[in-house]
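Have a look at the structure below before the remarks.
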Amino acid sequence: MKKILIRIAGCVFTAVLSILGVLLMGRLLNPESTSESMNSIKAFHSMEENSIDVMFFGSSHAWKGIDTRVLRDEYNISSFNYGGNWQRINTTLLFIRDAYRTQTPKVIFVDTYVANEKLQNCNMDGQIYYTRAISDFYGKREFLNDCFGNDWKKYGTYYFPLVMFHDNWAVLNKDSLIPYRSKAGYIESLGYDPSNEIVSIDLSDSGAADVQKDFDAEAIAELDKIVDICNKNGTKLIFYTCPYVGRYEYADAMQKYAEENGCTYVNLFEYVDEIGIDGATDFRDSQHLNDSGAAKVTRFLVDNYM
Amino acid sequence: MLFNSLNFLIFLPIVMLIYFLVPKKASKYWLLVASYYFYMNWNAKYALLLLASTTVTYVGGLLIERQSKKSVQKLIVSLSLVINLGILFFFKYFFFGAGILTRILSMAHINMNVPEFDIILPVGISFYVFQALGYTIDVYRKDISAEKNFFKYALFVSFFPQLVAGPIERSSKLLPQLDERKKFSFEAAEKGLMLMLWGFFLKIVLADRIAIFVDSVYGDTANYPGFFIVVATILFGIQIYCDFYGYSIIAVGAAKMIGIDLMENFNAPYLATSVAGFWKGWHISLTTWFRDYLYIPLGGNKKGKFRTQLNKMIVFLVSGLWHGASFSYVIWGGLNGLYQVIGSLLRPVKEKLCRVFRINRELIVNKIICGIVTFALVDFSWLFFRAKDTASAFSVLKAMVSVNNINILYDKSLFGCGLNKWNFLFMLFCIAILLFADICKKKGYVIHRTLLAQKGWLKCIIIAAVVVFLLTFGKYGPAYDANSFIYFQF
């Protein structure tokens, strides 16, 4: 009997060691950019409860395009940039719901670059995996259900990321082990992903697309949920589109939606000159503002819409 | 259900658990249910074919045993052969045969319309049909007595670890093991697990990694001519070995975990110093099947030199055809037969040359040279096996010899064929591991036995490390299109 118990203990030990190894390797091999996004989320979770008045959400256009340090240093307003790479509209909804678990912001800004895109029925990847930094609650369950449906194997890849990211071993380098920006870095920048790199771009052909599109019913349903949360919490909701090199196809749909739902929409393409955005100095790449551009946009939004 | 799928990794422990928990008498029925479930996971309807083949050979076996007249026995065994081979022919060779017939008739200006309908080749049909036929012939030869219990016999034909790609087991070896469930043994489970881990290494770390390179080159020979094809063909020889050996060893390991021993299907074939030696270590269960049920009945080597060589050619041509309904497989089989015929004919010359030049054939250098020549010959024949048809095979061959780009072997071009530098180098490292393991095996040194002899805690760490290694370096997961085993198509 003793021998059998020792054998069973050996099996359990092997299983535990294997699971630990799998989790460790998964942590090591998940994409570097995912780790950074996760650090930003962790930074938000370390903020004192009910300490933030203004919050920003949306894709990398928001994350890299709104410098929350400006609100702190120039306006003495507490704020946090809870944007992140790849925030589709249902990811934004998840982040907003998560934000309300600990904060009661008075004003929320949502970047609309990918407002018509919803993650659903997809395989796990970096776009989904970074939400691991958000603990389990109803909003996250709904988000994961959108992404994975009832496919338990996809859930498996979410909780055991090695399954998804194991091929990354071939691109592993010393920088993979240390994310470019740590949690402390994002606490200092209040969630904003700073960069003073300058890439000269030409904005002359950018703006609202000539042919405008309507939102999908699914996107509208997500937007409705965002509006509903803000209304219930008495939060002022402002949608905006940050300038980039390209044509935005949902400016009219967004304007119409904002009017119908009693909130504000600002298409910043229309205010490029007023804001003072200079293609030669204010972008870090063709899609994202740098520190200089982000500061200008942040000041414009605070001065005019708060 | 693929061995390299999560479904199987859940399926196997459940089957094992229930197998050892149910009363002894019920255990084989449970295995039968599990085996049919395993098969029906692929295509439920085709389980009827499996059942049909099982029923025909089961009834055939009983009838043969009850008959005392040799002629009637012969008639029954022939009927069983016709029905089973008929099923195999219809599902595997119908369009191939009809195509040949149409061409022949068109030469005589006779038009024949082949009816159009979709046939999916039932997974493993060549394997289970051969296993069932082997049983019928064994009963006919009185090597074994006919199995009375239908369910036990059905389990013999459908036993899930070896159902879809072998090893093709002999009734005399497998049937008695299905009688009584053995007591659960940690030692057997550990050994089975080790074998399975080795099989997974061969399949998901090596074969599926090599497949990326080979598929890239063979899929675009216009951009990857000359030495790209040479390297891809060499690697394909290793890929198919790892793929099939991997499957076989997982099958052996899975069976071992439930206390059933299956035959080893491979014995370091690429270390052979002759093509005949290669075939002694490659797909042993099929090679010995052909030896016992085709080569020997044809007369083997007992009917003179010419018939011996002819019999060899027949066996290899049939073996080629067994693999697939295409002339490229026949050429592959024919080449391997031809190598052996030529090898036999040249043996006296070779021996004389060795005597004249005083070449010691036991010298390691001599063995290495013979091994390389053997590998080159066998590997060349794989080119026909890999190409999707004969025309493609010759066009690949043309692309291979038309360009001299030996520089690609050292100018890093090989890192651009689906595998980046690190993946390519890692693949070479894994091939070195395989070579080392095969040398050990050939020398009679069993690596997993050494690992299992370690202290308990060390063994746990080794197994856990191997699991993490496989999950890190294997090719699997949602981002990857999971490859089936190559031999599933046969």
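Numbering starts fresh at 1 for the residues of each chain in the structure tokens, the chains themselves are lettered A, B, ... in the order given, and ligands are numbered from 1 as they appear.
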
Practice item. Using only C-alpha atoms, determine which residues lie at most 9 Å from segment 8-21 of chain B, disregarding the query and same-chain residues fewer than 6 positions distant; provide the list as a list of chain:residue names. Key: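 So, after excluding close chain neighbours, the residues are B:Met1, B:Leu2, B:Ser27, B:Lys28, B:Trp30, B:Leu31, B:Ala34, B:Phe38, B:Arg181, B:Lys182, B:Lys183, B:Phe184, B:Ala254, B:Met257, B:Ile258.
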
Exercise for review: Please give the complete set of residues from segment 13-191 of chain A that DSSP, run on the backbone, assigns to strand (DSSP E or B), formatted as a list in words.
Suggested key: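 Across segment 13-191 of chain A, those assigned strand (DSSP E or B) are Val54, Met55, Phe56, Phe57, Ser79, Phe80, Asn81, Val107, Ile108, Phe109, Val110 and Asp111 of chain A.
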
Include C-alpha atoms and write out the residues we just selected as a PDB file, in the first residue's frame.
```pdb
ATOM      1  CA  VAL A  54     -10.973  61.174 -16.303  1.00  0.00           C
ATOM      2  CA  MET A  55     -10.285  58.015 -18.266  1.00  0.00           C
ATOM      3  CA  PHE A  56      -9.300  57.294 -21.844  1.00  0.00           C
ATOM      4  CA  PHE A  57     -10.061  54.073 -23.706  1.00  0.00           C
ATOM      5  CA  SER A  79      -6.674  60.666 -15.035  1.00  0.00           C
ATOM      6  CA  PHE A  80      -5.608  57.349 -16.502  1.00  0.00           C
ATOM      7  CA  ASN A  81      -5.085  56.188 -20.060  1.00  0.00           C
ATOM      8  CA  VAL A 107     -15.540  61.791 -17.840  1.00  0.00           C
ATOM      9  CA  ILE A 108     -14.678  59.033 -20.268  1.00  0.00           C
ATOM     10  CA  PHE A 109     -13.079  59.459 -23.701  1.00  0.00           C
ATOM     11  CA  VAL A 110     -13.296  56.576 -26.156  1.00  0.00           C
ATOM     12  CA  ASP A 111     -11.214  56.510 -29.336  1.00  0.00           C
TER      13      ASP A 111
END
```

Rows by chain and residue number, chain A within 9 Å of chain B, shortest pair, only C-alpha atoms, as a Markdown table:
```
| residue | atom | partner | partner_atom | distance |
| --- | --- | --- | --- | --- |
| A:Ile4 | CA | B:Phe186 | CA | 8.8 |
| A:Arg7 | CA | B:Phe186 | CA | 7.6 |
| A:Gly10 | CA | B:Cys460 | CA | 6.5 |
| A:Cys11 | CA | B:Cys460 | CA | 7.4 |
| A:Phe13 | CA | B:Cys460 | CA | 6.9 |
| A:Thr14 | CA | B:Cys460 | CA | 4.9 |
| A:Ala15 | CA | B:Ala464 | CA | 7.1 |
| A:Val16 | CA | B:Ala464 | CA | 8.5 |
| A:Leu17 | CA | B:Ala464 | CA | 5.8 |
| A:Ser18 | CA | B:Ala464 | CA | 4.5 |
| A:Ile19 | CA | B:Val468 | CA | 8.3 |
| A:Gly21 | CA | B:Val468 | CA | 5.9 |
| A:Val22 | CA | B:Val468 | CA | 5.7 |
| A:Met25 | CA | B:Thr472 | CA | 7.4 |
| A:Gly26 | CA | B:Thr472 | CA | 8.6 |
| A:Asn123 | CA | B:Pro478 | CA | 6.6 |
| A:Met124 | CA | B:Pro478 | CA | 7.9 |
| A:Asp125 | CA | B:Ala479 | CA | 8.7 |
| A:Lys153 | CA | B:Leu6 | CA | 8.3 |
| A:Lys154 | CA | B:Pro478 | CA | 7.9 |
| A:Thr157 | CA | B:Gly477 | CA | 8.2 |
| A:Leu162 | CA | B:Thr472 | CA | 6.8 |
| A:Val163 | CA | B:Gly477 | CA | 5.6 |
| A:Met164 | CA | B:Gly477 | CA | 6.0 |
| A:Phe165 | CA | B:Thr472 | CA | 8.5 |
| A:His166 | CA | B:Thr472 | CA | 4.9 |
| A:Asp167 | CA | B:Phe473 | CA | 6.9 |
| A:Asn168 | CA | B:Thr472 | CA | 8.9 |
| A:Trp169 | CA | B:Thr472 | CA | 7.6 |
| A:Ala170 | CA | B:Trp422 | CA | 5.7 |
| A:Val171 | CA | B:Trp422 | CA | 8.2 |
```

Would you export the selected residues with C-alpha atoms as a compact mmCIF listing (two decimals), in the first residue's frame, please?
```txt
# COMPACT_ATOMS: atom_id res chain seq x y z
CA ILE A 4 1.28 2.51 -4.28
CA ARG A 7 3.77 5.95 -6.85
CA GLY A 10 5.14 10.56 -7.88
CA CYS A 11 2.42 10.95 -10.53
CA PHE A 13 4.55 15.46 -8.43
CA THR A 14 5.20 14.90 -12.15
CA ALA A 15 1.88 16.52 -13.10
CA VAL A 16 2.54 19.52 -10.85
CA LEU A 17 6.07 19.93 -12.20
CA SER A 18 4.78 19.70 -15.79
CA ILE A 19 2.06 22.30 -15.18
CA GLY A 21 6.96 24.22 -16.37
CA VAL A 22 4.20 24.88 -18.89
CA MET A 25 7.47 28.71 -20.35
CA GLY A 26 4.17 30.33 -21.31
CA ASN A 123 -8.24 31.94 -31.94
CA MET A 124 -6.35 33.17 -28.93
CA ASP A 125 -3.56 35.58 -29.77
CA LYS A 153 -9.74 24.24 -26.28
CA LYS A 154 -9.49 27.96 -27.01
CA THR A 157 -4.84 28.24 -24.85
CA LEU A 162 2.47 28.09 -24.08
CA VAL A 163 0.09 26.23 -26.40
CA MET A 164 -0.31 29.41 -28.44
CA PHE A 165 3.04 31.08 -28.12
CA HIS A 166 5.50 28.17 -27.97
CA ASP A 167 6.93 28.98 -31.40
CA ASN A 168 8.23 32.26 -29.97
CA TRP A 169 11.28 30.43 -28.61
CA ALA A 170 12.90 30.97 -32.00
CA VAL A 171 12.65 34.76 -31.70
```

Check your understanding: How far is it from atom CA of Ser78 of chain B to atom CA of Phe160 of chain B, in Å with one decimal?
Key ->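 These atoms are spaced 27.6 Å apart.
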
Study note, to complete from the structure: Between atom CA of Arg209 of chain B and atom CA of Lys174 of chain A lies a distance of 24.9 Å

Do a neighbour search on Thr104 of chain A at 12 Å with only C-alpha atoms, toss out local chain neighbours closer than 3 positions, and write the hits as a PDB file with all heavy atoms, in the first residue's frame.
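Contents of around-v6.pdb, as written:
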```pdb
ATOM      1  N   GLU A  48      -5.089  53.783  -6.602  1.00  0.00           N
ATOM      2  CA  GLU A  48      -5.968  53.843  -5.423  1.00  0.00           C
ATOM      3  C   GLU A  48      -7.430  53.888  -5.881  1.00  0.00           C
ATOM      4  O   GLU A  48      -7.754  54.531  -6.887  1.00  0.00           O
ATOM      5  CB  GLU A  48      -5.626  55.105  -4.629  1.00  0.00           C
ATOM      6  CG  GLU A  48      -6.198  55.112  -3.228  1.00  0.00           C
ATOM      7  CD  GLU A  48      -5.898  56.440  -2.525  1.00  0.00           C
ATOM      8  OE1 GLU A  48      -4.777  56.956  -2.719  1.00  0.00           O
ATOM      9  OE2 GLU A  48      -6.788  56.929  -1.824  1.00  0.00           O
ATOM     10  N   GLU A  49      -8.317  53.252  -5.129  1.00  0.00           N
ATOM     11  CA  GLU A  49      -9.733  53.203  -5.531  1.00  0.00           C
ATOM     12  C   GLU A  49     -10.344  54.599  -5.566  1.00  0.00           C
ATOM     13  O   GLU A  49     -10.040  55.449  -4.729  1.00  0.00           O
ATOM     14  CB  GLU A  49     -10.526  52.319  -4.560  1.00  0.00           C
ATOM     15  CG  GLU A  49     -10.377  50.847  -4.889  1.00  0.00           C
ATOM     16  CD  GLU A  49     -11.412  49.977  -4.188  1.00  0.00           C
ATOM     17  OE1 GLU A  49     -12.501  50.471  -3.896  1.00  0.00           O
ATOM     18  OE2 GLU A  49     -11.079  48.808  -3.940  1.00  0.00           O
ATOM     19  N   ASN A  50     -11.222  54.795  -6.531  1.00  0.00           N
ATOM     20  CA  ASN A  50     -11.943  56.071  -6.710  1.00  0.00           C
ATOM     21  C   ASN A  50     -11.019  57.292  -6.718  1.00  0.00           C
ATOM     22  O   ASN A  50     -11.342  58.330  -6.145  1.00  0.00           O
ATOM     23  CB  ASN A  50     -13.005  56.238  -5.610  1.00  0.00           C
ATOM     24  CG  ASN A  50     -14.047  55.140  -5.694  1.00  0.00           C
ATOM     25  OD1 ASN A  50     -14.490  54.782  -6.778  1.00  0.00           O
ATOM     26  ND2 ASN A  50     -14.399  54.577  -4.552  1.00  0.00           N
ATOM     27  N   SER A  51      -9.882  57.124  -7.341  1.00  0.00           N
ATOM     28  CA  SER A  51      -8.923  58.233  -7.363  1.00  0.00           C
ATOM     29  C   SER A  51      -8.811  58.879  -8.739  1.00  0.00           C
ATOM     30  O   SER A  51      -8.057  59.827  -8.924  1.00  0.00           O
ATOM     31  CB  SER A  51      -7.544  57.717  -6.930  1.00  0.00           C
ATOM     32  OG  SER A  51      -7.088  56.771  -7.873  1.00  0.00           O
ATOM     33  N   ILE A  52      -9.555  58.364  -9.729  1.00  0.00           N
ATOM     34  CA  ILE A  52      -9.382  58.852 -11.100  1.00  0.00           C
ATOM     35  C   ILE A  52     -10.674  59.514 -11.583  1.00  0.00           C
ATOM     36  O   ILE A  52     -11.759  58.928 -11.479  1.00  0.00           O
ATOM     37  CB  ILE A  52      -9.011  57.679 -12.037  1.00  0.00           C
ATOM     38  CG1 ILE A  52      -7.697  57.031 -11.568  1.00  0.00           C
ATOM     39  CG2 ILE A  52      -8.875  58.156 -13.469  1.00  0.00           C
ATOM     40  CD1 ILE A  52      -7.384  55.720 -12.233  1.00  0.00           C
ATOM     41  N   ASP A  53     -10.537  60.722 -12.132  1.00  0.00           N
ATOM     42  CA  ASP A  53     -11.718  61.464 -12.599  1.00  0.00           C
ATOM     43  C   ASP A  53     -11.936  61.350 -14.106  1.00  0.00           C
ATOM     44  O   ASP A  53     -13.067  61.408 -14.569  1.00  0.00           O
ATOM     45  CB  ASP A  53     -11.575  62.957 -12.227  1.00  0.00           C
ATOM     46  CG  ASP A  53     -11.704  63.160 -10.731  1.00  0.00           C
ATOM     47  OD1 ASP A  53     -12.454  62.386 -10.104  1.00  0.00           O
ATOM     48  OD2 ASP A  53     -11.031  64.058 -10.185  1.00  0.00           O
ATOM     49  N   VAL A  54     -10.842  61.216 -14.841  1.00  0.00           N
ATOM     50  CA  VAL A  54     -10.973  61.174 -16.303  1.00  0.00           C
ATOM     51  C   VAL A  54     -10.259  59.935 -16.832  1.00  0.00           C
ATOM     52  O   VAL A  54      -9.131  59.646 -16.411  1.00  0.00           O
ATOM     53  CB  VAL A  54     -10.342  62.437 -16.958  1.00  0.00           C
ATOM     54  CG1 VAL A  54     -10.531  62.399 -18.470  1.00  0.00           C
ATOM     55  CG2 VAL A  54     -10.947  63.700 -16.374  1.00  0.00           C
ATOM     56  N   MET A  55     -10.932  59.214 -17.712  1.00  0.00           N
ATOM     57  CA  MET A  55     -10.285  58.015 -18.266  1.00  0.00           C
ATOM     58  C   MET A  55     -10.377  57.997 -19.788  1.00  0.00           C
ATOM     59  O   MET A  55     -11.338  58.509 -20.364  1.00  0.00           O
ATOM     60  CB  MET A  55     -10.903  56.737 -17.687  1.00  0.00           C
ATOM     61  CG  MET A  55     -10.555  56.553 -16.226  1.00  0.00           C
ATOM     62  SD  MET A  55     -10.907  54.886 -15.660  1.00  0.00           S
ATOM     63  CE  MET A  55      -9.610  53.942 -16.424  1.00  0.00           C
ATOM     64  N   SER A  78      -6.869  64.251 -12.036  1.00  0.00           N
ATOM     65  CA  SER A  78      -6.442  62.843 -11.961  1.00  0.00           C
ATOM     66  C   SER A  78      -7.022  62.091 -13.153  1.00  0.00           C
ATOM     67  O   SER A  78      -8.223  62.180 -13.429  1.00  0.00           O
ATOM     68  CB  SER A  78      -6.903  62.215 -10.655  1.00  0.00           C
ATOM     69  OG  SER A  78      -8.300  62.234 -10.597  1.00  0.00           O
ATOM     70  N   SER A  79      -6.178  61.376 -13.842  1.00  0.00           N
ATOM     71  CA  SER A  79      -6.674  60.666 -15.035  1.00  0.00           C
ATOM     72  C   SER A  79      -5.853  59.396 -15.256  1.00  0.00           C
ATOM     73  O   SER A  79      -4.801  59.200 -14.646  1.00  0.00           O
ATOM     74  CB  SER A  79      -6.549  61.569 -16.272  1.00  0.00           C
ATOM     75  OG  SER A  79      -5.189  61.776 -16.571  1.00  0.00           O
ATOM     76  N   PHE A  80      -6.364  58.548 -16.131  1.00  0.00           N
ATOM     77  CA  PHE A  80      -5.608  57.349 -16.502  1.00  0.00           C
ATOM     78  C   PHE A  80      -5.944  56.990 -17.940  1.00  0.00           C
ATOM     79  O   PHE A  80      -7.107  57.044 -18.357  1.00  0.00           O
ATOM     80  CB  PHE A  80      -5.956  56.169 -15.589  1.00  0.00           C
ATOM     81  CG  PHE A  80      -4.930  55.065 -15.663  1.00  0.00           C
ATOM     82  CD1 PHE A  80      -3.814  55.067 -14.828  1.00  0.00           C
ATOM     83  CD2 PHE A  80      -5.054  54.033 -16.595  1.00  0.00           C
ATOM     84  CE1 PHE A  80      -2.850  54.067 -14.905  1.00  0.00           C
ATOM     85  CE2 PHE A  80      -4.098  53.032 -16.686  1.00  0.00           C
ATOM     86  CZ  PHE A  80      -2.984  53.045 -15.834  1.00  0.00           C
ATOM     87  N   ILE A  96     -13.723  49.182 -19.924  1.00  0.00           N
ATOM     88  CA  ILE A  96     -14.583  50.162 -19.228  1.00  0.00           C
ATOM     89  C   ILE A  96     -15.248  49.500 -18.024  1.00  0.00           C
ATOM     90  O   ILE A  96     -15.278  50.051 -16.919  1.00  0.00           O
ATOM     91  CB  ILE A  96     -15.629  50.751 -20.208  1.00  0.00           C
ATOM     92  CG1 ILE A  96     -14.916  51.660 -21.222  1.00  0.00           C
ATOM     93  CG2 ILE A  96     -16.711  51.507 -19.457  1.00  0.00           C
ATOM     94  CD1 ILE A  96     -15.812  52.185 -22.331  1.00  0.00           C
ATOM     95  N   ARG A  97     -15.759  48.287 -18.257  1.00  0.00           N
ATOM     96  CA  ARG A  97     -16.402  47.577 -17.138  1.00  0.00           C
ATOM     97  C   ARG A  97     -15.393  47.319 -16.018  1.00  0.00           C
ATOM     98  O   ARG A  97     -15.720  47.439 -14.842  1.00  0.00           O
ATOM     99  CB  ARG A  97     -16.977  46.249 -17.633  1.00  0.00           C
ATOM    100  CG  ARG A  97     -18.303  46.416 -18.355  1.00  0.00           C
ATOM    101  CD  ARG A  97     -18.735  45.121 -18.996  1.00  0.00           C
ATOM    102  NE  ARG A  97     -20.126  45.159 -19.398  1.00  0.00           N
ATOM    103  CZ  ARG A  97     -20.679  44.280 -20.210  1.00  0.00           C
ATOM    104  NH1 ARG A  97     -19.958  43.288 -20.710  1.00  0.00           N
ATOM    105  NH2 ARG A  97     -21.945  44.371 -20.533  1.00  0.00           N
ATOM    106  N   ASP A  98     -14.180  46.950 -16.433  1.00  0.00           N
ATOM    107  CA  ASP A  98     -13.137  46.696 -15.434  1.00  0.00           C
ATOM    108  C   ASP A  98     -12.822  47.974 -14.655  1.00  0.00           C
ATOM    109  O   ASP A  98     -12.639  47.950 -13.440  1.00  0.00           O
ATOM    110  CB  ASP A  98     -11.884  46.159 -16.137  1.00  0.00           C
ATOM    111  CG  ASP A  98     -10.770  45.822 -15.153  1.00  0.00           C
ATOM    112  OD1 ASP A  98     -11.063  45.158 -14.141  1.00  0.00           O
ATOM    113  OD2 ASP A  98      -9.622  46.239 -15.375  1.00  0.00           O
ATOM    114  N   ALA A  99     -12.800  49.081 -15.389  1.00  0.00           N
ATOM    115  CA  ALA A  99     -12.480  50.365 -14.742  1.00  0.00           C
ATOM    116  C   ALA A  99     -13.495  50.695 -13.646  1.00  0.00           C
ATOM    117  O   ALA A  99     -13.125  51.136 -12.553  1.00  0.00           O
ATOM    118  CB  ALA A  99     -12.460  51.462 -15.795  1.00  0.00           C
ATOM    119  N   TYR A 100     -14.761  50.423 -13.939  1.00  0.00           N
ATOM    120  CA  TYR A 100     -15.813  50.747 -12.951  1.00  0.00           C
ATOM    121  C   TYR A 100     -15.794  49.830 -11.731  1.00  0.00           C
ATOM    122  O   TYR A 100     -16.494  50.091 -10.760  1.00  0.00           O
ATOM    123  CB  TYR A 100     -17.199  50.713 -13.608  1.00  0.00           C
ATOM    124  CG  TYR A 100     -17.531  52.010 -14.318  1.00  0.00           C
ATOM    125  CD1 TYR A 100     -17.494  52.102 -15.691  1.00  0.00           C
ATOM    126  CD2 TYR A 100     -17.866  53.155 -13.580  1.00  0.00           C
ATOM    127  CE1 TYR A 100     -17.787  53.288 -16.341  1.00  0.00           C
ATOM    128  CE2 TYR A 100     -18.157  54.347 -14.221  1.00  0.00           C
ATOM    129  CZ  TYR A 100     -18.111  54.410 -15.603  1.00  0.00           C
ATOM    130  OH  TYR A 100     -18.397  55.597 -16.231  1.00  0.00           O
ATOM    131  N   ARG A 101     -15.006  48.786 -11.773  1.00  0.00           N
ATOM    132  CA  ARG A 101     -14.916  47.919 -10.586  1.00  0.00           C
ATOM    133  C   ARG A 101     -14.175  48.624  -9.447  1.00  0.00           C
ATOM    134  O   ARG A 101     -14.379  48.303  -8.278  1.00  0.00           O
ATOM    135  CB  ARG A 101     -14.189  46.607 -10.928  1.00  0.00           C
ATOM    136  CG  ARG A 101     -14.993  45.719 -11.867  1.00  0.00           C
ATOM    137  CD  ARG A 101     -14.098  44.697 -12.515  1.00  0.00           C
ATOM    138  NE  ARG A 101     -13.820  43.586 -11.634  1.00  0.00           N
ATOM    139  CZ  ARG A 101     -12.841  42.690 -11.829  1.00  0.00           C
ATOM    140  NH1 ARG A 101     -12.046  42.819 -12.875  1.00  0.00           N
ATOM    141  NH2 ARG A 101     -12.671  41.699 -10.992  1.00  0.00           N
ATOM    142  N   VAL A 107     -15.575  61.630 -16.377  1.00  0.00           N
ATOM    143  CA  VAL A 107     -15.540  61.791 -17.840  1.00  0.00           C
ATOM    144  C   VAL A 107     -14.792  60.608 -18.459  1.00  0.00           C
ATOM    145  O   VAL A 107     -13.751  60.193 -17.944  1.00  0.00           O
ATOM    146  CB  VAL A 107     -14.818  63.102 -18.250  1.00  0.00           C
ATOM    147  CG1 VAL A 107     -14.863  63.277 -19.770  1.00  0.00           C
ATOM    148  CG2 VAL A 107     -15.426  64.303 -17.555  1.00  0.00           C
ATOM    149  N   ILE A 108     -15.351  60.122 -19.542  1.00  0.00           N
ATOM    150  CA  ILE A 108     -14.678  59.033 -20.268  1.00  0.00           C
ATOM    151  C   ILE A 108     -14.527  59.437 -21.740  1.00  0.00           C
ATOM    152  O   ILE A 108     -15.482  59.896 -22.365  1.00  0.00           O
ATOM    153  CB  ILE A 108     -15.487  57.714 -20.155  1.00  0.00           C
ATOM    154  CG1 ILE A 108     -15.187  57.018 -18.837  1.00  0.00           C
ATOM    155  CG2 ILE A 108     -15.177  56.791 -21.314  1.00  0.00           C
ATOM    156  CD1 ILE A 108     -15.931  55.709 -18.672  1.00  0.00           C
ATOM    157  N   ILE A 229     -23.620  52.086 -19.541  1.00  0.00           N
ATOM    158  CA  ILE A 229     -22.791  52.102 -18.321  1.00  0.00           C
ATOM    159  C   ILE A 229     -22.540  53.547 -17.886  1.00  0.00           C
ATOM    160  O   ILE A 229     -22.670  53.891 -16.698  1.00  0.00           O
ATOM    161  CB  ILE A 229     -21.437  51.390 -18.573  1.00  0.00           C
ATOM    162  CG1 ILE A 229     -21.652  49.903 -18.797  1.00  0.00           C
ATOM    163  CG2 ILE A 229     -20.476  51.607 -17.399  1.00  0.00           C
ATOM    164  CD1 ILE A 229     -20.422  49.194 -19.348  1.00  0.00           C
ATOM    165  N   CYS A 230     -22.198  54.396 -18.851  1.00  0.00           N
ATOM    166  CA  CYS A 230     -21.887  55.792 -18.517  1.00  0.00           C
ATOM    167  C   CYS A 230     -23.133  56.507 -17.987  1.00  0.00           C
ATOM    168  O   CYS A 230     -23.052  57.264 -17.021  1.00  0.00           O
ATOM    169  CB  CYS A 230     -21.335  56.515 -19.741  1.00  0.00           C
ATOM    170  SG  CYS A 230     -19.701  55.900 -20.179  1.00  0.00           S
ATOM    171  N   LYS A 232     -25.687  55.164 -16.487  1.00  0.00           N
ATOM    172  CA  LYS A 232     -26.012  54.657 -15.145  1.00  0.00           C
ATOM    173  C   LYS A 232     -25.109  55.268 -14.076  1.00  0.00           C
ATOM    174  O   LYS A 232     -25.505  55.436 -12.938  1.00  0.00           O
ATOM    175  CB  LYS A 232     -25.861  53.136 -15.120  1.00  0.00           C
ATOM    176  CG  LYS A 232     -27.104  52.413 -15.589  1.00  0.00           C
ATOM    177  CD  LYS A 232     -26.932  50.932 -15.446  1.00  0.00           C
ATOM    178  CE  LYS A 232     -28.104  50.219 -16.117  1.00  0.00           C
ATOM    179  NZ  LYS A 232     -27.755  48.866 -16.493  1.00  0.00           N
ATOM    180  N   ASN A 233     -23.875  55.555 -14.462  1.00  0.00           N
ATOM    181  CA  ASN A 233     -22.910  56.078 -13.484  1.00  0.00           C
ATOM    182  C   ASN A 233     -22.776  57.596 -13.538  1.00  0.00           C
ATOM    183  O   ASN A 233     -21.922  58.162 -12.860  1.00  0.00           O
ATOM    184  CB  ASN A 233     -21.535  55.432 -13.725  1.00  0.00           C
ATOM    185  CG  ASN A 233     -21.521  53.969 -13.309  1.00  0.00           C
ATOM    186  OD1 ASN A 233     -21.407  53.641 -12.140  1.00  0.00           O
ATOM    187  ND2 ASN A 233     -21.686  53.083 -14.291  1.00  0.00           N
ATOM    188  N   GLY A 234     -23.598  58.210 -14.359  1.00  0.00           N
ATOM    189  CA  GLY A 234     -23.558  59.668 -14.463  1.00  0.00           C
ATOM    190  C   GLY A 234     -22.246  60.174 -15.029  1.00  0.00           C
ATOM    191  O   GLY A 234     -21.775  61.258 -14.654  1.00  0.00           O
ATOM    192  N   THR A 235     -21.661  59.423 -15.920  1.00  0.00           N
ATOM    193  CA  THR A 235     -20.369  59.801 -16.495  1.00  0.00           C
ATOM    194  C   THR A 235     -20.574  60.466 -17.856  1.00  0.00           C
ATOM    195  O   THR A 235     -21.394  60.010 -18.662  1.00  0.00           O
ATOM    196  CB  THR A 235     -19.488  58.542 -16.681  1.00  0.00           C
ATOM    197  OG1 THR A 235     -19.417  57.857 -15.438  1.00  0.00           O
ATOM    198  CG2 THR A 235     -18.103  58.896 -17.170  1.00  0.00           C
ATOM    199  N   LYS A 236     -19.830  61.525 -18.078  1.00  0.00           N
ATOM    200  CA  LYS A 236     -19.893  62.178 -19.389  1.00  0.00           C
ATOM    201  C   LYS A 236     -19.073  61.344 -20.371  1.00  0.00           C
ATOM    202  O   LYS A 236     -17.920  60.997 -20.090  1.00  0.00           O
ATOM    203  CB  LYS A 236     -19.300  63.587 -19.271  1.00  0.00           C
ATOM    204  CG  LYS A 236     -19.420  64.410 -20.530  1.00  0.00           C
ATOM    205  CD  LYS A 236     -18.862  65.807 -20.295  1.00  0.00           C
ATOM    206  CE  LYS A 236     -18.904  66.633 -21.571  1.00  0.00           C
ATOM    207  NZ  LYS A 236     -18.297  67.954 -21.361  1.00  0.00           N
TER     208      LYS A 236
END
```

Practice item. Mind giving me the straight-line distance from atom CA of Ala280 of chain A to atom CA of Ser200 of chain A in Å, one decimal? Key: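 Computing it gives 4.2 Å between the two atoms.
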